[in-house]
Amino acid sequence: MNAVSHDWPEVERRAVPRPANDPYAEVVVGGIKTACVGRERMAQIMVDDCFVARRTGKSPKLVFASNGHAIAMAANDAGFRGMFEQADMVHADGQPVVWGSRLAGTPIPERSATTDYIHDAAKAAVAYGLKVFLLGATEAANAACAEVLRQTYPGLQIVGRRNGYFKREDEDAVCEAINASGADIVFIGLSVPLEYEFSVRNKHRIQAGWIVTCGGCYNFVTGDYKRAPGWMQAASLEWLYRLLREPRRLFWRYAVTNPLAAWLILTRSHA
């Protein structure tokens with residue numbers, strides 16, 4: 001079980017403003033069952049789950065992100081779809097997922113992009129004394145992200161970090177490092193589908209409250225990757241902004257996945 005400070009039970013009592021078993025609605029969007037939660041509720045659930053894991057030693061919850069790319073991959077790849085079915089929570093990383101939930105009649109209150117949620121998680125971690133581990137990206141991006149988060153959120157305990165350049169045979173050592181750190185929240189930024197594969201494969205070896213896949217969000221935290229203007233995000237055009245910035249890398253991905261994802265959201269969304 002994770003090492004914790006002596007005063008965490010008092011913090012825990014303040015951290016549970018709702019019953020621990022309070023359910024949330026789910027809706028199928030594009031074939032993926034997705035949680036109907038906003039960013040604040042998601043952070044609240046994270047805090048509760050982390051304290052439960054501290055008390056009981058239960059395996060961490062897997063928290064995956066649904067967007068057009070994931071929806072298209074899940075439709076085309078049974079193995080990828082099976083990984084999503086093992087997630088404890090799938091949140092709406094993309095605005096089209098929010099729109100699809102409205103079409104299905106069970107609306108998700110807002111988009112919870114991982115690039116935003118990592119900041120929500122950091123704030124909650126400071127407020128309730130939770131510890132964070134950052135796994136993934138290059139060494140430079142990982143280190144810079146940790147530094148930016150520490151400066152932005154004084155008191156944030158980033159108790160460990162490691163870049164994403166390791167082999168399958170190194171995973172024992174990676175999991176041991178996470179466990180030795182006492183982390184409550186583990187962010188996994190290994191790109192798709194590697195981060196999902198790692199999370200599912202190692203869930204029962206990692207001692208933490210939440211494992212959150214986060215793609216390239218470390219680079220967004222540092223400012224190396226730029227977010228689209230707010231109006232483009234609200235209009236589900238963030239993909240276009242990224243395409244204009246990196247046409248060679250992203251053209252074929254979006255040319256294939258966007259039409260398929262749109263069709264799946266229209267035809268495979270239901271309460």
# chains A, B, ... in the order shown; residues from 1 in each chain; ligands from 1
$ residues_around --residues "Val29 (chain A)" --least-positions-apart "5" --cutoff "12 Å" --atoms "only C-alpha atoms" --output "VMD selection string"
chain A and resid 34 to 36 66 to 68 70 to 72 74 to 75 90 to 108 261 to 271
$ closest_atom_pairs --of "region 105-168 of chain A" --to "region 183-200 of chain A" --cutoff "6 Å" --atoms "only C-alpha atoms" --output "CSV"
residue,atom,partner,partner_atom,distance
A:Leu130,CA,A:Asp184,CA,5.9
A:Lys131,CA,A:Ala183,CA,4.7
A:Val132,CA,A:Ile185,CA,4.9
A:Phe133,CA,A:Val186,CA,4.8
A:Leu134,CA,A:Phe187,CA,5.1
A:Leu135,CA,A:Ile188,CA,5.0
A:Gly136,CA,A:Gly189,CA,4.4
A:Gly164,CA,A:Leu190,CA,5.9
$ select_by_dssp --residues "region 35-270 of chain A" --states "strand (DSSP E or B)" --output "VMD selection string"
chain A and resid 35 61 to 66 89 to 92 131 to 136 157 to 162 185 to 189 210 to 213 270
$ write_last_selection --atoms "C-alpha atoms" --output "JSON list (two decimals), in the first residue's frame"
[["chain", "number", "residue", "atom", "x", "y", "z"],
["A", 35, "ALA", "CA", -19.27, 8.99, -18.28],
["A", 61, "LYS", "CA", -9.18, 2.88, -11.59],
["A", 62, "LEU", "CA", -8.37, 3.11, -15.30],
["A", 63, "VAL", "CA", -9.50, 6.44, -16.76],
["A", 64, "PHE", "CA", -9.43, 6.65, -20.57],
["A", 65, "ALA", "CA", -10.31, 9.46, -22.97],
["A", 66, "SER", "CA", -12.84, 9.26, -25.81],
["A", 89, "MET", "CA", -14.25, 5.52, -16.55],
["A", 90, "VAL", "CA", -14.16, 6.91, -20.08],
["A", 91, "HIS", "CA", -14.50, 10.68, -20.24],
["A", 92, "ALA", "CA", -15.34, 13.03, -23.11],
["A", 131, "LYS", "CA", 0.68, 12.61, -5.02],
["A", 132, "VAL", "CA", 1.32, 12.53, -8.76],
["A", 133, "PHE", "CA", 3.56, 10.48, -11.07],
["A", 134, "LEU", "CA", 4.20, 11.54, -14.68],
["A", 135, "LEU", "CA", 5.05, 8.77, -17.15],
["A", 136, "GLY", "CA", 5.69, 9.31, -20.82],
["A", 157, "GLN", "CA", 3.68, 16.69, -4.91],
["A", 158, "ILE", "CA", 5.10, 15.22, -8.11],
["A", 159, "VAL", "CA", 6.74, 12.27, -6.42],
["A", 160, "GLY", "CA", 8.10, 10.58, -9.52],
["A", 161, "ARG", "CA", 8.41, 10.82, -13.26],
["A", 162, "ARG", "CA", 9.89, 8.86, -16.15],
["A", 185, "ILE", "CA", -2.51, 9.61, -9.53],
["A", 186, "VAL", "CA", -0.47, 8.27, -12.44],
["A", 187, "PHE", "CA", -0.62, 10.10, -15.76],
["A", 188, "ILE", "CA", 0.36, 7.94, -18.74],
["A", 189, "GLY", "CA", 1.42, 9.81, -21.88],
["A", 210, "TRP", "CA", -6.15, 6.53, -10.67],
["A", 211, "ILE", "CA", -4.28, 5.75, -13.87],
["A", 212, "VAL", "CA", -5.12, 8.47, -16.41],
["A", 213, "THR", "CA", -4.11, 8.26, -20.07],
["A", 270, "HIS", "CA", -27.68, 5.84, -27.35]]
$ residues_around --residues "Leu237 (chain A)" --least-positions-apart "3" --cutoff "12 Å" --atoms "only C-alpha atoms" --output "mmCIF file with N, CA, C and O atoms, in the first residue's frame"
data_model
loop_
_atom_site.group_PDB
_atom_site.id
_atom_site.type_symbol
_atom_site.label_atom_id
_atom_site.label_comp_id
_atom_site.auth_asym_id
_atom_site.auth_seq_id
_atom_site.Cartn_x
_atom_site.Cartn_y
_atom_site.Cartn_z
ATOM 1 N N GLY A 68 -12.732 11.522 -31.328
ATOM 2 C CA GLY A 68 -12.979 10.945 -32.646
ATOM 3 C C GLY A 68 -11.984 9.874 -33.029
ATOM 4 O O GLY A 68 -12.359 8.839 -33.600
ATOM 5 N N GLY A 94 -13.175 14.775 -26.399
ATOM 6 C CA GLY A 94 -13.482 15.559 -27.589
ATOM 7 C C GLY A 94 -14.870 16.175 -27.545
ATOM 8 O O GLY A 94 -15.821 15.549 -27.063
ATOM 9 N N GLN A 95 -15.021 17.370 -28.090
ATOM 10 C CA GLN A 95 -16.318 18.038 -28.124
ATOM 11 C C GLN A 95 -17.364 17.258 -28.914
ATOM 12 O O GLN A 95 -18.545 17.240 -28.528
ATOM 13 N N PRO A 96 -17.017 16.570 -30.017
ATOM 14 C CA PRO A 96 -18.034 15.769 -30.713
ATOM 15 C C PRO A 96 -18.662 14.705 -29.818
ATOM 16 O O PRO A 96 -19.825 14.328 -30.035
ATOM 17 N N ARG A 227 -2.698 25.138 -27.990
ATOM 18 C CA ARG A 227 -4.123 24.851 -28.068
ATOM 19 C C ARG A 227 -4.770 25.739 -29.119
ATOM 20 O O ARG A 227 -4.354 26.876 -29.356
ATOM 21 N N ALA A 228 -5.835 25.232 -29.720
ATOM 22 C CA ALA A 228 -6.610 26.034 -30.650
ATOM 23 C C ALA A 228 -7.320 27.152 -29.897
ATOM 24 O O ALA A 228 -7.555 27.041 -28.691
ATOM 25 N N PRO A 229 -7.673 28.252 -30.589
ATOM 26 C CA PRO A 229 -8.473 29.292 -29.930
ATOM 27 C C PRO A 229 -9.761 28.705 -29.369
ATOM 28 O O PRO A 229 -10.271 27.685 -29.855
ATOM 29 N N GLY A 230 -10.288 29.355 -28.341
ATOM 30 C CA GLY A 230 -11.473 28.834 -27.668
ATOM 31 C C GLY A 230 -12.641 28.605 -28.588
ATOM 32 O O GLY A 230 -13.369 27.605 -28.454
ATOM 33 N N TRP A 231 -12.842 29.485 -29.573
ATOM 34 C CA TRP A 231 -13.996 29.323 -30.458
ATOM 35 C C TRP A 231 -13.850 28.083 -31.325
ATOM 36 O O TRP A 231 -14.848 27.414 -31.648
ATOM 37 N N MET A 232 -12.612 27.731 -31.686
ATOM 38 C CA MET A 232 -12.395 26.519 -32.480
ATOM 39 C C MET A 232 -12.620 25.277 -31.627
ATOM 40 O O MET A 232 -13.163 24.269 -32.108
ATOM 41 N N GLN A 233 -12.214 25.325 -30.362
ATOM 42 C CA GLN A 233 -12.474 24.200 -29.475
ATOM 43 C C GLN A 233 -13.975 23.982 -29.307
ATOM 44 O O GLN A 233 -14.465 22.851 -29.374
ATOM 45 N N ALA A 234 -14.720 25.068 -29.084
ATOM 46 C CA ALA A 234 -16.165 24.963 -28.876
ATOM 47 C C ALA A 234 -16.886 24.464 -30.124
ATOM 48 O O ALA A 234 -17.923 23.809 -30.029
ATOM 49 N N LEU A 240 -8.770 20.751 -36.804
ATOM 50 C CA LEU A 240 -8.367 21.545 -37.957
ATOM 51 C C LEU A 240 -7.173 22.428 -37.615
ATOM 52 O O LEU A 240 -6.233 22.576 -38.423
ATOM 53 N N TYR A 241 -7.191 23.002 -36.423
ATOM 54 C CA TYR A 241 -6.074 23.818 -35.973
ATOM 55 C C TYR A 241 -4.791 22.992 -35.934
ATOM 56 O O TYR A 241 -3.737 23.428 -36.408
ATOM 57 N N ARG A 242 -4.892 21.784 -35.400
ATOM 58 C CA ARG A 242 -3.707 20.919 -35.327
ATOM 59 C C ARG A 242 -3.253 20.487 -36.715
ATOM 60 O O ARG A 242 -2.062 20.394 -37.003
ATOM 61 N N LEU A 243 -4.244 20.224 -37.591
ATOM 62 C CA LEU A 243 -3.906 19.823 -38.957
ATOM 63 C C LEU A 243 -3.152 20.932 -39.677
ATOM 64 O O LEU A 243 -2.171 20.669 -40.394
ATOM 65 N N LEU A 244 -3.580 22.155 -39.504
ATOM 66 C CA LEU A 244 -2.913 23.284 -40.156
ATOM 67 C C LEU A 244 -1.498 23.469 -39.642
ATOM 68 O O LEU A 244 -0.607 23.912 -40.373
ATOM 69 N N TYR A 254 -6.583 12.337 -39.914
ATOM 70 C CA TYR A 254 -7.882 13.003 -39.852
ATOM 71 C C TYR A 254 -8.740 12.684 -41.079
ATOM 72 O O TYR A 254 -9.968 12.611 -40.978
ATOM 73 N N ASN A 258 -11.888 11.137 -39.121
ATOM 74 C CA ASN A 258 -12.965 12.097 -38.879
ATOM 75 C C ASN A 258 -14.294 11.691 -39.515
ATOM 76 O O ASN A 258 -15.334 11.716 -38.845
#
$ atom_distance --atom1 "CA of Glu26 (chain A)" --atom2 "CA of Asp48 (chain A)"
18.8 Å
$ atom_distance --atom1 "CA of Gly223 (chain A)" --atom2 "CA of Phe166 (chain A)"
24.6 Å
$ decode --residues "region 159-208 of chain A" --atoms "N, CA and C atoms" --output "mmCIF file, in the first residue's frame"
data_model
loop_
_atom_site.group_PDB
_atom_site.id
_atom_site.type_symbol
_atom_site.label_atom_id
_atom_site.label_comp_id
_atom_site.auth_asym_id
_atom_site.auth_seq_id
_atom_site.Cartn_x
_atom_site.Cartn_y
_atom_site.Cartn_z
ATOM 1 N N VAL A 159 5.824 13.128 -7.170
ATOM 2 C CA VAL A 159 6.741 12.265 -6.420
ATOM 3 C C VAL A 159 7.573 11.364 -7.315
ATOM 4 N N GLY A 160 7.306 11.392 -8.609
ATOM 5 C CA GLY A 160 8.096 10.582 -9.522
ATOM 6 C C GLY A 160 7.748 10.921 -10.950
ATOM 7 N N ARG A 161 8.657 10.616 -11.841
ATOM 8 C CA ARG A 161 8.412 10.816 -13.265
ATOM 9 C C ARG A 161 9.389 9.957 -14.055
ATOM 10 N N ARG A 162 9.001 9.623 -15.275
ATOM 11 C CA ARG A 162 9.886 8.856 -16.146
ATOM 12 C C ARG A 162 9.446 9.091 -17.580
ATOM 13 N N ASN A 163 10.405 9.196 -18.481
ATOM 14 C CA ASN A 163 10.042 9.378 -19.885
ATOM 15 C C ASN A 163 9.442 8.097 -20.454
ATOM 16 N N GLY A 164 8.901 8.204 -21.651
ATOM 17 C CA GLY A 164 8.180 7.078 -22.236
ATOM 18 C C GLY A 164 9.018 6.156 -23.093
ATOM 19 N N TYR A 165 10.321 6.300 -23.044
ATOM 20 C CA TYR A 165 11.192 5.497 -23.897
ATOM 21 C C TYR A 165 11.743 4.310 -23.115
ATOM 22 N N PHE A 166 10.921 3.278 -23.059
ATOM 23 C CA PHE A 166 11.339 2.041 -22.404
ATOM 24 C C PHE A 166 10.723 0.868 -23.153
ATOM 25 N N LYS A 167 11.274 -0.302 -22.925
ATOM 26 C CA LYS A 167 10.827 -1.506 -23.616
ATOM 27 C C LYS A 167 9.847 -2.289 -22.743
ATOM 28 N N ARG A 168 9.180 -3.220 -23.375
ATOM 29 C CA ARG A 168 8.216 -4.060 -22.650
ATOM 30 C C ARG A 168 8.877 -4.748 -21.461
ATOM 31 N N GLU A 169 10.112 -5.182 -21.634
ATOM 32 C CA GLU A 169 10.794 -5.881 -20.537
ATOM 33 C C GLU A 169 11.180 -4.940 -19.398
ATOM 34 N N ASP A 170 11.064 -3.642 -19.617
ATOM 35 C CA ASP A 170 11.363 -2.676 -18.555
ATOM 36 C C ASP A 170 10.149 -2.359 -17.688
ATOM 37 N N GLU A 171 8.994 -2.902 -18.028
ATOM 38 C CA GLU A 171 7.773 -2.497 -17.339
ATOM 39 C C GLU A 171 7.755 -2.887 -15.865
ATOM 40 N N ASP A 172 8.415 -3.976 -15.514
ATOM 41 C CA ASP A 172 8.510 -4.326 -14.087
ATOM 42 C C ASP A 172 9.166 -3.195 -13.306
ATOM 43 N N ALA A 173 10.268 -2.686 -13.843
ATOM 44 C CA ALA A 173 10.990 -1.604 -13.161
ATOM 45 C C ALA A 173 10.167 -0.322 -13.134
ATOM 46 N N VAL A 174 9.416 -0.058 -14.198
ATOM 47 C CA VAL A 174 8.564 1.136 -14.243
ATOM 48 C C VAL A 174 7.496 1.051 -13.154
ATOM 49 N N CYS A 175 6.838 -0.095 -13.065
ATOM 50 C CA CYS A 175 5.792 -0.269 -12.048
ATOM 51 C C CYS A 175 6.372 -0.190 -10.639
ATOM 52 N N GLU A 176 7.551 -0.757 -10.441
ATOM 53 C CA GLU A 176 8.199 -0.686 -9.128
ATOM 54 C C GLU A 176 8.509 0.765 -8.752
ATOM 55 N N ALA A 177 8.931 1.561 -9.732
ATOM 56 C CA ALA A 177 9.230 2.967 -9.458
ATOM 57 C C ALA A 177 7.971 3.736 -9.090
ATOM 58 N N ILE A 178 6.882 3.447 -9.784
ATOM 59 C CA ILE A 178 5.603 4.096 -9.462
ATOM 60 C C ILE A 178 5.176 3.727 -8.044
ATOM 61 N N ASN A 179 5.245 2.455 -7.720
ATOM 62 C CA ASN A 179 4.818 2.002 -6.395
ATOM 63 C C ASN A 179 5.706 2.574 -5.297
ATOM 64 N N ALA A 180 7.003 2.623 -5.550
ATOM 65 C CA ALA A 180 7.929 3.153 -4.549
ATOM 66 C C ALA A 180 7.693 4.639 -4.291
ATOM 67 N N SER A 181 7.162 5.347 -5.279
ATOM 68 C CA SER A 181 6.931 6.785 -5.136
ATOM 69 C C SER A 181 5.757 7.104 -4.229
ATOM 70 N N GLY A 182 4.830 6.152 -4.059
ATOM 71 C CA GLY A 182 3.629 6.406 -3.275
ATOM 72 C C GLY A 182 2.609 7.253 -3.998
ATOM 73 N N ALA A 183 2.661 7.292 -5.322
ATOM 74 C CA ALA A 183 1.759 8.135 -6.102
ATOM 75 C C ALA A 183 0.307 7.683 -5.960
ATOM 76 N N ASP A 184 -0.588 8.644 -5.922
ATOM 77 C CA ASP A 184 -2.028 8.390 -5.946
ATOM 78 C C ASP A 184 -2.576 8.456 -7.370
ATOM 79 N N ILE A 185 -2.031 9.367 -8.164
ATOM 80 C CA ILE A 185 -2.505 9.613 -9.532
ATOM 81 C C ILE A 185 -1.336 9.407 -10.479
ATOM 82 N N VAL A 186 -1.524 8.544 -11.466
ATOM 83 C CA VAL A 186 -0.470 8.270 -12.443
ATOM 84 C C VAL A 186 -0.966 8.697 -13.816
ATOM 85 N N PHE A 187 -0.313 9.687 -14.399
ATOM 86 C CA PHE A 187 -0.616 10.099 -15.762
ATOM 87 C C PHE A 187 0.266 9.319 -16.720
ATOM 88 N N ILE A 188 -0.349 8.769 -17.772
ATOM 89 C CA ILE A 188 0.363 7.941 -18.743
ATOM 90 C C ILE A 188 0.276 8.619 -20.109
ATOM 91 N N GLY A 189 1.387 9.154 -20.581
ATOM 92 C CA GLY A 189 1.415 9.811 -21.884
ATOM 93 C C GLY A 189 2.341 9.081 -22.835
ATOM 94 N N LEU A 190 1.848 7.968 -23.381
ATOM 95 C CA LEU A 190 2.680 7.119 -24.239
ATOM 96 C C LEU A 190 2.180 7.054 -25.675
ATOM 97 N N SER A 191 1.251 7.892 -26.051
ATOM 98 C CA SER A 191 0.614 7.903 -27.362
ATOM 99 C C SER A 191 -0.366 6.741 -27.486
ATOM 100 N N VAL A 192 -1.193 6.811 -28.512
ATOM 101 C CA VAL A 192 -2.222 5.801 -28.754
ATOM 102 C C VAL A 192 -1.680 4.782 -29.749
ATOM 103 N N PRO A 193 -1.833 3.476 -29.508
ATOM 104 C CA PRO A 193 -2.556 2.831 -28.405
ATOM 105 C C PRO A 193 -1.662 2.390 -27.246
ATOM 106 N N LEU A 194 -0.379 2.782 -27.265
ATOM 107 C CA LEU A 194 0.567 2.248 -26.287
ATOM 108 C C LEU A 194 0.156 2.545 -24.853
ATOM 109 N N GLU A 195 -0.390 3.750 -24.618
ATOM 110 C CA GLU A 195 -0.737 4.103 -23.240
ATOM 111 C C GLU A 195 -1.885 3.258 -22.709
ATOM 112 N N TYR A 196 -2.817 2.880 -23.599
ATOM 113 C CA TYR A 196 -3.926 2.027 -23.182
ATOM 114 C C TYR A 196 -3.434 0.605 -22.921
ATOM 115 N N GLU A 197 -2.570 0.128 -23.790
ATOM 116 C CA GLU A 197 -2.019 -1.217 -23.612
ATOM 117 C C GLU A 197 -1.243 -1.312 -22.306
ATOM 118 N N PHE A 198 -0.388 -0.325 -22.037
ATOM 119 C CA PHE A 198 0.380 -0.325 -20.802
ATOM 120 C C PHE A 198 -0.537 -0.301 -19.588
ATOM 121 N N SER A 199 -1.557 0.539 -19.617
ATOM 122 C CA SER A 199 -2.452 0.702 -18.470
ATOM 123 C C SER A 199 -3.205 -0.581 -18.165
ATOM 124 N N VAL A 200 -3.761 -1.197 -19.194
ATOM 125 C CA VAL A 200 -4.517 -2.434 -18.990
ATOM 126 C C VAL A 200 -3.592 -3.555 -18.520
ATOM 127 N N ARG A 201 -2.441 -3.635 -19.126
ATOM 128 C CA ARG A 201 -1.508 -4.725 -18.811
ATOM 129 C C ARG A 201 -0.980 -4.630 -17.387
ATOM 130 N N ASN A 202 -0.837 -3.413 -16.876
ATOM 131 C CA ASN A 202 -0.171 -3.224 -15.587
ATOM 132 C C ASN A 202 -1.080 -2.734 -14.473
ATOM 133 N N LYS A 203 -2.375 -2.656 -14.723
ATOM 134 C CA LYS A 203 -3.298 -2.151 -13.703
ATOM 135 C C LYS A 203 -3.120 -2.862 -12.371
ATOM 136 N N HIS A 204 -3.021 -4.174 -12.394
ATOM 137 C CA HIS A 204 -2.994 -4.930 -11.144
ATOM 138 C C HIS A 204 -1.599 -4.991 -10.519
ATOM 139 N N ARG A 205 -0.615 -4.358 -11.165
ATOM 140 C CA ARG A 205 0.721 -4.298 -10.572
ATOM 141 C C ARG A 205 1.019 -2.921 -9.989
ATOM 142 N N ILE A 206 0.173 -1.956 -10.291
ATOM 143 C CA ILE A 206 0.418 -0.588 -9.849
ATOM 144 C C ILE A 206 -0.448 -0.274 -8.634
ATOM 145 N N GLN A 207 0.157 0.304 -7.628
ATOM 146 C CA GLN A 207 -0.544 0.719 -6.408
ATOM 147 C C GLN A 207 -0.790 2.229 -6.495
ATOM 148 N N ALA A 208 -2.019 2.592 -6.824
ATOM 149 C CA ALA A 208 -2.387 4.001 -6.956
ATOM 150 C C ALA A 208 -3.909 4.077 -6.937
#
